[in-house]
>>> print(open('data04.tsv').read())   # TSV, C-alpha atoms and all ligand atoms
chain	number	residue	atom	x	y	z
A	1	MET	CA	23.41	-153.54	145.48
A	2	SER	CA	25.11	-151.06	147.74
A	3	LEU	CA	24.28	-150.41	151.36
A	4	TYR	CA	23.98	-146.86	152.72
A	5	ARG	CA	23.07	-145.04	155.93
A	6	ASP	CA	21.03	-141.89	156.23
A	7	GLN	CA	18.40	-140.26	158.42
A	8	GLY	CA	14.93	-139.41	157.27
A	9	VAL	CA	11.53	-138.07	158.20
A	10	VAL	CA	8.73	-140.33	156.94
A	11	LEU	CA	6.50	-138.24	154.63
A	12	ARG	CA	3.92	-140.89	153.68
A	13	THR	CA	3.50	-144.62	153.32
A	14	TRP	CA	1.26	-147.00	151.45
A	15	LYS	CA	0.59	-150.72	151.50
A	16	LEU	CA	2.40	-153.10	149.19
A	17	GLY	CA	1.12	-156.66	148.91
A	18	GLU	CA	0.17	-158.55	152.06
A	19	ALA	CA	2.76	-157.47	154.58
A	20	ASP	CA	4.99	-154.80	153.09
A	21	ARG	CA	4.82	-151.05	152.93
A	22	ILE	CA	6.35	-148.43	150.67
A	23	VAL	CA	7.81	-145.57	152.69
A	24	VAL	CA	8.64	-142.13	151.28
A	25	LEU	CA	11.21	-140.16	153.29
A	26	ILE	CA	13.11	-136.90	153.09
A	27	THR	CA	16.76	-137.50	153.92
A	28	PRO	CA	19.66	-135.05	154.14
A	29	GLY	CA	22.05	-137.20	152.10
A	30	HIS	CA	19.82	-138.67	149.39
A	31	GLY	CA	16.88	-136.26	149.13
A	32	LYS	CA	13.55	-137.98	148.67
A	33	VAL	CA	13.86	-141.74	149.10
A	34	ARG	CA	11.21	-144.29	148.19
A	35	ALA	CA	11.88	-147.56	149.93
A	36	VAL	CA	10.24	-150.86	150.76
A	37	ALA	CA	9.91	-151.98	154.37
A	38	LYS	CA	9.39	-155.74	154.16
A	39	GLY	CA	7.12	-157.43	156.67
A	40	VAL	CA	6.34	-154.08	158.33
A	41	ARG	CA	2.63	-154.90	158.61
A	42	LYS	CA	3.18	-158.18	160.47
A	43	THR	CA	2.44	-158.07	164.20
A	44	LYS	CA	6.00	-158.98	165.10
A	45	SER	CA	7.68	-156.68	162.58
A	46	ARG	CA	11.25	-155.75	163.51
A	47	PHE	CA	10.38	-152.17	162.49
A	48	GLY	CA	7.58	-151.83	165.08
A	49	GLY	CA	5.76	-148.53	164.57
A	50	ARG	CA	8.91	-146.66	163.57
A	51	LEU	CA	8.05	-146.17	159.91
A	52	GLU	CA	4.90	-144.09	160.39
A	53	PRO	CA	4.55	-140.61	158.83
A	54	LEU	CA	6.26	-137.87	160.88
A	55	THR	CA	8.82	-140.08	162.61
A	56	ASN	CA	12.47	-139.08	162.20
A	57	VAL	CA	14.49	-142.28	161.83
A	58	SER	CA	18.06	-143.41	161.39
A	59	LEU	CA	18.19	-145.87	158.49
A	60	LEU	CA	20.24	-148.55	156.84
A	61	LEU	CA	19.15	-149.19	153.26
A	62	TYR	CA	20.06	-151.23	150.19
A	63	GLU	CA	20.02	-149.16	147.07
A	64	GLY	CA	17.65	-150.61	144.50
A	65	ARG	CA	16.99	-149.72	140.86
A	66	GLU	CA	13.58	-148.23	141.54
A	67	LEU	CA	12.89	-148.73	145.23
A	68	ASP	CA	15.48	-148.98	147.97
A	69	VAL	CA	15.03	-151.58	150.71
A	70	ILE	CA	15.03	-150.58	154.39
A	71	THR	CA	17.00	-153.11	156.45
A	72	GLN	CA	17.21	-151.18	159.75
A	73	ALA	CA	15.28	-148.26	161.23
A	74	GLU	CA	15.88	-146.68	164.64
A	75	THR	CA	13.74	-143.85	165.96
A	76	ILE	CA	15.51	-140.51	166.44
A	77	GLU	CA	12.34	-138.57	167.29
A	78	HIS	CA	8.72	-139.65	167.39
A	79	PHE	CA	7.19	-136.15	167.95
A	80	ARG	CA	4.63	-137.54	170.39
A	81	PRO	CA	3.09	-134.14	171.40
A	82	ILE	CA	2.17	-133.61	167.72
A	83	ARG	CA	0.53	-137.04	167.41
A	84	GLU	CA	-1.51	-136.44	170.54
A	85	ASP	CA	-3.06	-133.20	169.27
A	86	LEU	CA	-5.24	-133.21	166.14
A	87	ASP	CA	-4.58	-129.52	165.35
A	88	ARG	CA	-0.82	-129.98	165.52
A	89	MET	CA	-1.09	-133.18	163.48
A	90	THR	CA	-2.99	-131.24	160.78
A	91	ASP	CA	-0.22	-128.60	160.75
A	92	ALA	CA	2.42	-131.33	160.50
A	93	MET	CA	0.62	-132.94	157.55
A	94	ALA	CA	0.81	-129.61	155.69
A	95	LEU	CA	4.59	-129.50	156.27
A	96	LEU	CA	5.03	-133.10	155.08
A	97	GLU	CA	2.87	-132.48	151.99
A	98	VAL	CA	4.90	-129.48	150.74
A	99	VAL	CA	8.22	-131.18	151.46
A	100	ASP	CA	7.03	-134.21	149.49
A	101	HIS	CA	6.24	-131.92	146.52
A	102	VAL	CA	9.52	-129.96	146.47
A	103	ALA	CA	11.99	-132.73	147.39
A	104	GLN	CA	14.00	-134.27	144.57
A	105	GLU	CA	14.90	-137.95	144.51
A	106	ARG	CA	18.55	-138.84	145.06
A	107	GLU	CA	19.60	-135.21	145.43
A	108	ALA	CA	21.18	-134.31	148.79
A	109	SER	CA	18.86	-131.90	150.63
A	110	PRO	CA	20.41	-131.17	154.03
A	111	ARG	CA	18.75	-127.75	154.42
A	112	LEU	CA	15.28	-129.02	153.52
A	113	TYR	CA	15.64	-131.92	155.95
A	114	GLN	CA	16.94	-129.62	158.73
A	115	MET	CA	14.15	-127.10	158.12
A	116	LEU	CA	11.53	-129.83	158.44
A	117	VAL	CA	13.06	-131.36	161.58
A	118	GLY	CA	13.35	-127.86	163.10
A	119	ALA	CA	9.73	-127.01	162.30
A	120	LEU	CA	8.48	-130.32	163.71
A	121	GLY	CA	10.50	-129.73	166.88
A	122	ALA	CA	8.99	-126.24	167.25
A	123	LEU	CA	5.50	-127.65	166.64
A	124	ALA	CA	6.05	-130.38	169.24
A	125	ALA	CA	7.01	-127.66	171.75
A	126	ARG	CA	4.02	-125.42	171.06
A	127	ARG	CA	1.44	-124.70	168.37
A	128	SER	CA	1.71	-121.34	166.66
A	129	PRO	CA	-0.68	-119.92	164.04
A	130	LEU	CA	2.35	-118.77	162.05
A	131	LEU	CA	4.37	-122.00	162.10
A	132	VAL	CA	3.03	-123.45	158.83
A	133	PRO	CA	2.94	-120.07	157.01
A	134	ALA	CA	6.50	-119.27	158.15
A	135	PHE	CA	7.66	-122.68	156.92
A	136	PHE	CA	6.03	-122.00	153.52
A	137	TRP	CA	7.70	-118.57	153.17
A	138	LYS	CA	11.11	-119.94	154.16
A	139	LEU	CA	10.70	-122.90	151.83
A	140	LEU	CA	9.77	-120.60	148.93
A	141	SER	CA	12.95	-118.68	149.65
A	142	LEU	CA	15.00	-121.92	149.76
A	143	GLU	CA	13.43	-122.87	146.42
A	144	GLY	CA	14.67	-119.63	144.85
A	145	ALA	CA	11.23	-118.01	144.97
A	146	HIS	CA	12.08	-115.45	147.69
A	147	PRO	CA	9.29	-112.84	147.58
A	148	LEU	CA	10.26	-109.30	146.63
A	149	LEU	CA	9.34	-107.13	149.65
A	150	GLY	CA	11.94	-104.35	149.77
A	151	GLU	CA	10.66	-102.60	146.66
A	152	CYS	CA	7.64	-102.61	144.36
A	153	ALA	CA	7.78	-105.74	142.17
A	154	GLY	CA	6.21	-103.67	139.36
A	155	CYS	CA	8.07	-100.34	139.12
A	156	GLN	CA	11.02	-101.14	141.46
A	157	THR	CA	10.41	-98.07	143.62
A	158	PRO	CA	12.06	-98.81	147.01
A	159	ALA	CA	9.64	-99.57	149.86
A	160	ALA	CA	11.23	-96.74	151.85
A	161	VAL	CA	9.76	-94.14	149.47
A	162	THR	CA	6.45	-95.80	148.61
A	163	ASP	CA	3.77	-97.82	150.38
A	164	LEU	CA	3.42	-101.42	149.29
A	165	VAL	CA	-0.28	-102.24	149.36
A	166	ALA	CA	-0.77	-105.44	147.38
A	167	PHE	CA	0.85	-108.80	146.76
A	168	ASP	CA	0.91	-110.34	143.33
A	169	LEU	CA	1.37	-114.11	143.18
A	170	ALA	CA	2.49	-114.16	139.55
A	171	GLN	CA	5.20	-111.51	140.12
A	172	GLY	CA	6.04	-113.02	143.52
A	173	GLY	CA	6.21	-109.70	145.29
A	174	ALA	CA	4.63	-106.64	146.85
A	175	LEU	CA	3.24	-103.81	144.73
A	176	CYS	CA	2.83	-100.07	145.26
A	177	ARG	CA	-0.41	-98.08	144.92
A	178	SER	CA	0.19	-97.28	141.22
A	179	CYS	CA	1.07	-100.88	140.26
A	180	ARG	CA	-1.45	-102.58	142.57
A	181	GLN	CA	-3.01	-105.83	141.39
A	182	GLY	CA	-3.48	-109.25	142.90
A	183	LEU	CA	-4.32	-109.48	146.60
A	184	PRO	CA	-4.48	-106.52	149.01
A	185	MET	CA	-1.79	-106.60	151.71
A	186	SER	CA	-1.80	-104.64	154.97
A	187	PRO	CA	1.38	-102.99	156.37
A	188	ALA	CA	1.16	-105.35	159.38
A	189	ALA	CA	1.14	-108.44	157.13
A	190	LEU	CA	4.08	-107.11	155.10
A	191	ALA	CA	6.02	-106.49	158.32
A	192	LEU	CA	5.34	-110.04	159.55
A	193	ILE	CA	6.49	-111.68	156.30
A	194	ARG	CA	9.67	-109.57	156.42
A	195	ARG	CA	10.36	-110.69	159.98
A	196	ILE	CA	9.84	-114.35	159.01
A	197	LEU	CA	12.32	-114.07	156.15
A	198	GLU	CA	14.86	-111.78	157.83
A	199	GLY	CA	15.78	-113.84	160.88
A	200	GLY	CA	12.98	-112.85	163.25
A	201	LEU	CA	11.29	-116.25	163.18
A	202	ALA	CA	11.48	-117.05	166.89
A	203	GLY	CA	9.69	-113.79	167.75
A	204	VAL	CA	7.11	-114.35	165.02
A	205	LEU	CA	6.17	-117.80	166.33
A	206	VAL	CA	4.96	-116.36	169.64
A	207	GLU	CA	2.64	-113.85	167.91
A	208	PRO	CA	-0.99	-114.46	168.85
A	209	GLY	CA	-3.51	-114.93	166.04
A	210	GLY	CA	-5.21	-111.89	164.49
A	211	PRO	CA	-6.11	-110.36	161.13
A	212	ALA	CA	-2.49	-109.82	160.01
A	213	VAL	CA	-1.58	-113.40	160.96
A	214	ALA	CA	-4.58	-114.74	159.00
A	215	GLU	CA	-3.54	-112.59	156.03
A	216	VAL	CA	0.05	-113.86	156.14
A	217	ALA	CA	-1.22	-117.46	156.37
A	218	ALA	CA	-3.57	-117.06	153.39
A	219	LEU	CA	-0.84	-115.38	151.30
A	220	ALA	CA	1.63	-118.14	152.21
A	221	THR	CA	-0.76	-120.88	151.09
A	222	ARG	CA	-1.62	-119.07	147.83
A	223	SER	CA	2.07	-118.39	147.10
A	224	MET	CA	3.04	-122.00	147.79
A	225	GLU	CA	0.23	-123.28	145.57
A	226	GLN	CA	1.31	-120.91	142.81
A	227	HIS	CA	4.88	-122.18	143.13
A	228	LEU	CA	3.89	-125.86	143.14
A	229	GLU	CA	1.21	-125.31	140.47
A	230	ARG	CA	-1.22	-127.36	142.53
A	231	ARG	CA	-3.67	-127.07	145.39
A	232	LEU	CA	-2.49	-128.28	148.79
A	233	ARG	CA	-4.79	-131.01	150.02
A	234	SER	CA	-3.90	-130.58	153.71
A	235	MET	CA	-4.54	-126.81	153.65
A	236	HIS	CA	-8.03	-127.21	152.24
A	237	LEU	CA	-8.90	-129.94	154.72
A	238	LEU	CA	-8.13	-127.23	157.30
A	239	GLU	CA	-10.43	-124.69	155.66
A	240	HIS	CA	-13.42	-126.98	155.39
A	241	GLY	CA	-12.78	-129.17	158.43
B	301	ZN	ZN	5.05	-99.89	141.64
>>> encode(input="data04.tsv", output="structure tokens")
Amino acid sequence: MSLYRDQGVVLRTWKLGEADRIVVLITPGHGKVRAVAKGVRKTKSRFGGRLEPLTNVSLLLYEGRELDVITQAETIEHFRPIREDLDRMTDAMALLEVVDHVAQEREASPRLYQMLVGALGALAARRSPLLVPAFFWKLLSLEGAHPLLGECAGCQTPAAVTDLVAFDLAQGGALCRSCRQGLPMSPAALALIRRILEGGLAGVLVEPGGPAVAEVAALATRSMEQHLERRLRSMHLLEHG
């Protein structure tokens, strides 16, 4: 068995036997890692509370055939302000859930890891109604599902010469008046999504809530669910909670 070092954000964990826990992490060097933390549920565990969801840890692991084995874990960042606020914790769970779905095992994912750590850092600093939606749009783009917003996804007429008035999940883009189908989209929502994807993220995160923000959030969730071909549990807890 070979030993390796990496960093990782804990995405979820579950119990294994009497004292152990399986920990799923996103790491920059090895993508999604499933590993066993032995004795983690004992009172005097050498891991303490470091292997809880959300924590960013520095790890030493043995590579196993199916599950790796965590031999050391040191906390890099605990994101305490998120844990102390239920709303922020709910947002964080949505980020962890989508990363868990898109991450590939044993495939280096430095950008995905950095995006998640960056979003958690921003969330720890302040809650924004656009943080989770912006993360979804940027992740769709990283996944090669960048939405078409500069022209009509139906007839390819440039946005400069036509109004884009709808968003179609199946075509992954905005549509003009003649091609309209799918969900209606306001000019303000279109402008916000463009800013998120074209480098204006910092400015977008200080936007107060409002109808356009709610529209962008709903479109982001629907687009992510279309991409993953599944409903997002954390997002629907939000709706009904
Ligand atoms: Zn069109």
>>> closest_residue(input="data04.tsv", among="A:Leu67, A:Ala220, A:Cys152, A:Leu130", to="ligand ZN 301 (chain B)", atoms="all atoms listed in the file")
A:Cys152
>>> residues_near_ligand(input="data04.tsv", ligand="ligand ZN 301 (chain B)", cutoff="9 Å", atoms="all atoms listed in the file", output="CSV table (one decimal) with C-alpha atoms, in the frame of the given file")
chain,number,residue,atom,x,y,z
A,151,GLU,CA,10.7,-102.6,146.7
A,152,CYS,CA,7.6,-102.6,144.4
A,153,ALA,CA,7.8,-105.7,142.2
A,154,GLY,CA,6.2,-103.7,139.4
A,155,CYS,CA,8.1,-100.3,139.1
A,156,GLN,CA,11.0,-101.1,141.5
A,157,THR,CA,10.4,-98.1,143.6
A,158,PRO,CA,12.1,-98.8,147.0
A,162,THR,CA,6.4,-95.8,148.6
A,164,LEU,CA,3.4,-101.4,149.3
A,174,ALA,CA,4.6,-106.6,146.8
A,175,LEU,CA,3.2,-103.8,144.7
A,176,CYS,CA,2.8,-100.1,145.3
A,177,ARG,CA,-0.4,-98.1,144.9
A,178,SER,CA,0.2,-97.3,141.2
A,179,CYS,CA,1.1,-100.9,140.3
A,180,ARG,CA,-1.4,-102.6,142.6
>>> residues_around(input="data04.tsv", residues="Ala19 in chain A", least_positions_apart="6", cutoff="7 Å", atoms="all atoms listed in the file", output="mmCIF file with C-alpha atoms, in the frame of the given file")
data_model
loop_
_atom_site.group_PDB
_atom_site.id
_atom_site.type_symbol
_atom_site.label_atom_id
_atom_site.label_comp_id
_atom_site.auth_asym_id
_atom_site.auth_seq_id
_atom_site.Cartn_x
_atom_site.Cartn_y
_atom_site.Cartn_z
ATOM 1 C CA LYS A 38 9.390 -155.740 154.160
ATOM 2 C CA GLY A 39 7.120 -157.430 156.670
ATOM 3 C CA VAL A 40 6.340 -154.080 158.330
ATOM 4 C CA ARG A 41 2.630 -154.900 158.610
ATOM 5 C CA LYS A 42 3.180 -158.180 160.470
#
>>> atom_distance(input="data04.tsv", atom1="CA of Ser109 in chain A", atom2="CA of Phe136 in chain A")
16.5 Å
>>> atom_distance(input="data04.tsv", atom1="CA of Thr27 in chain A", atom2="CA of Glu107 in chain A")
9.2 Å
>>> closest_residue(input="data04.tsv", among="A:Val161, A:Leu16, A:Ala166, A:Val23", to="Leu148 in chain A", atoms="only C-alpha atoms")
A:Ala166
>>> closest_atom_pairs(input="data04.tsv", of="range 113-173 of chain A", to="range 191-198 of chain A", cutoff="12 Å", atoms="only C-alpha atoms", output="JSON lines")
{"residue": "A:Leu130", "atom": "CA", "partner": "A:Ile196", "partner_atom": "CA", "distance": 9.2}
{"residue": "A:Leu131", "atom": "CA", "partner": "A:Ile196", "partner_atom": "CA", "distance": 9.9}
{"residue": "A:Val132", "atom": "CA", "partner": "A:Ile196", "partner_atom": "CA", "distance": 11.4}
{"residue": "A:Pro133", "atom": "CA", "partner": "A:Ile193", "partner_atom": "CA", "distance": 9.1}
{"residue": "A:Ala134", "atom": "CA", "partner": "A:Ile196", "partner_atom": "CA", "distance": 6.0}
{"residue": "A:Phe135", "atom": "CA", "partner": "A:Ile196", "partner_atom": "CA", "distance": 8.9}
{"residue": "A:Phe136", "atom": "CA", "partner": "A:Ile196", "partner_atom": "CA", "distance": 10.2}
{"residue": "A:Trp137", "atom": "CA", "partner": "A:Leu197", "partner_atom": "CA", "distance": 7.1}
{"residue": "A:Lys138", "atom": "CA", "partner": "A:Leu197", "partner_atom": "CA", "distance": 6.3}
{"residue": "A:Leu139", "atom": "CA", "partner": "A:Leu197", "partner_atom": "CA", "distance": 10.0}
{"residue": "A:Leu140", "atom": "CA", "partner": "A:Leu197", "partner_atom": "CA", "distance": 10.1}
{"residue": "A:Ser141", "atom": "CA", "partner": "A:Leu197", "partner_atom": "CA", "distance": 8.0}
{"residue": "A:Leu142", "atom": "CA", "partner": "A:Leu197", "partner_atom": "CA", "distance": 10.5}
{"residue": "A:Ala145", "atom": "CA", "partner": "A:Leu197", "partner_atom": "CA", "distance": 11.9}
{"residue": "A:His146", "atom": "CA", "partner": "A:Leu197", "partner_atom": "CA", "distance": 8.6}
{"residue": "A:Pro147", "atom": "CA", "partner": "A:Leu197", "partner_atom": "CA", "distance": 9.2}
{"residue": "A:Leu148", "atom": "CA", "partner": "A:Arg194", "partner_atom": "CA", "distance": 9.8}
{"residue": "A:Leu149", "atom": "CA", "partner": "A:Arg194", "partner_atom": "CA", "distance": 7.2}
{"residue": "A:Gly150", "atom": "CA", "partner": "A:Arg194", "partner_atom": "CA", "distance": 8.8}
{"residue": "A:Ala159", "atom": "CA", "partner": "A:Ala191", "partner_atom": "CA", "distance": 11.5}
{"residue": "A:Asp163", "atom": "CA", "partner": "A:Ala191", "partner_atom": "CA", "distance": 12.0}
{"residue": "A:Leu164", "atom": "CA", "partner": "A:Ala191", "partner_atom": "CA", "distance": 10.7}
{"residue": "A:Val165", "atom": "CA", "partner": "A:Ala191", "partner_atom": "CA", "distance": 11.7}
{"residue": "A:Phe167", "atom": "CA", "partner": "A:Ile193", "partner_atom": "CA", "distance": 11.5}
{"residue": "A:Gly173", "atom": "CA", "partner": "A:Ile193", "partner_atom": "CA", "distance": 11.2}
>>> write_last_selection(input="data04.tsv", atoms="C-alpha atoms", output="compact mmCIF listing (two decimals), keeping the file's coordinate frame")
# COMPACT_ATOMS: atom_id res chain seq x y z
CA LEU A 130 2.35 -118.77 162.05
CA LEU A 131 4.37 -122.00 162.10
CA VAL A 132 3.03 -123.45 158.83
CA PRO A 133 2.94 -120.07 157.01
CA ALA A 134 6.50 -119.27 158.15
CA PHE A 135 7.66 -122.68 156.92
CA PHE A 136 6.03 -122.00 153.52
CA TRP A 137 7.70 -118.57 153.17
CA LYS A 138 11.11 -119.94 154.16
CA LEU A 139 10.70 -122.90 151.83
CA LEU A 140 9.77 -120.60 148.93
CA SER A 141 12.95 -118.68 149.65
CA LEU A 142 15.00 -121.92 149.76
CA ALA A 145 11.23 -118.01 144.97
CA HIS A 146 12.08 -115.45 147.69
CA PRO A 147 9.29 -112.84 147.58
CA LEU A 148 10.26 -109.30 146.63
CA LEU A 149 9.34 -107.13 149.65
CA GLY A 150 11.94 -104.35 149.77
CA ALA A 159 9.64 -99.57 149.86
CA ASP A 163 3.77 -97.82 150.38
CA LEU A 164 3.42 -101.42 149.29
CA VAL A 165 -0.28 -102.24 149.36
CA PHE A 167 0.85 -108.80 146.76
CA GLY A 173 6.21 -109.70 145.29
>>> atom_distance(input="data04.tsv", atom1="CA of Gln104 in chain A", atom2="CA of Arg222 in chain A")
22.0 Å
>>> decode(input="data04.tsv", residues="range 10-35 of chain A", atoms="C-alpha atoms", output="mmCIF file, in the first residue's frame")
data_model
loop_
_atom_site.group_PDB
_atom_site.id
_atom_site.type_symbol
_atom_site.label_atom_id
_atom_site.label_comp_id
_atom_site.auth_asym_id
_atom_site.auth_seq_id
_atom_site.Cartn_x
_atom_site.Cartn_y
_atom_site.Cartn_z
ATOM 1 C CA VAL A 10 -15.099 16.636 4.053
ATOM 2 C CA LEU A 11 -18.311 16.262 2.004
ATOM 3 C CA ARG A 12 -20.101 13.639 4.113
ATOM 4 C CA THR A 13 -19.439 10.815 6.521
ATOM 5 C CA TRP A 14 -21.204 7.712 7.738
ATOM 6 C CA LYS A 15 -20.678 5.184 10.494
ATOM 7 C CA LEU A 16 -18.787 1.971 9.923
ATOM 8 C CA GLY A 17 -18.956 -0.722 12.595
ATOM 9 C CA GLU A 18 -18.562 0.249 16.239
ATOM 10 C CA ALA A 19 -15.936 2.955 16.174
ATOM 11 C CA ASP A 20 -15.011 3.793 12.604
ATOM 12 C CA ARG A 21 -16.346 6.224 10.069
ATOM 13 C CA ILE A 22 -16.217 6.429 6.293
ATOM 14 C CA VAL A 23 -15.295 9.921 5.152
ATOM 15 C CA VAL A 24 -15.878 11.273 1.633
ATOM 16 C CA LEU A 25 -13.658 14.208 0.663
ATOM 17 C CA ILE A 26 -12.930 16.372 -2.347
ATOM 18 C CA THR A 27 -9.184 16.757 -2.767
ATOM 19 C CA PRO A 28 -7.185 18.724 -5.339
ATOM 20 C CA GLY A 29 -4.767 15.889 -6.113
ATOM 21 C CA HIS A 30 -6.984 12.797 -6.055
ATOM 22 C CA GLY A 31 -10.501 14.100 -6.737
ATOM 23 C CA LYS A 32 -13.164 12.431 -4.651
ATOM 24 C CA VAL A 33 -11.645 10.200 -1.981
ATOM 25 C CA ARG A 34 -13.522 7.666 0.125
ATOM 26 C CA ALA A 35 -11.522 6.745 3.176
#
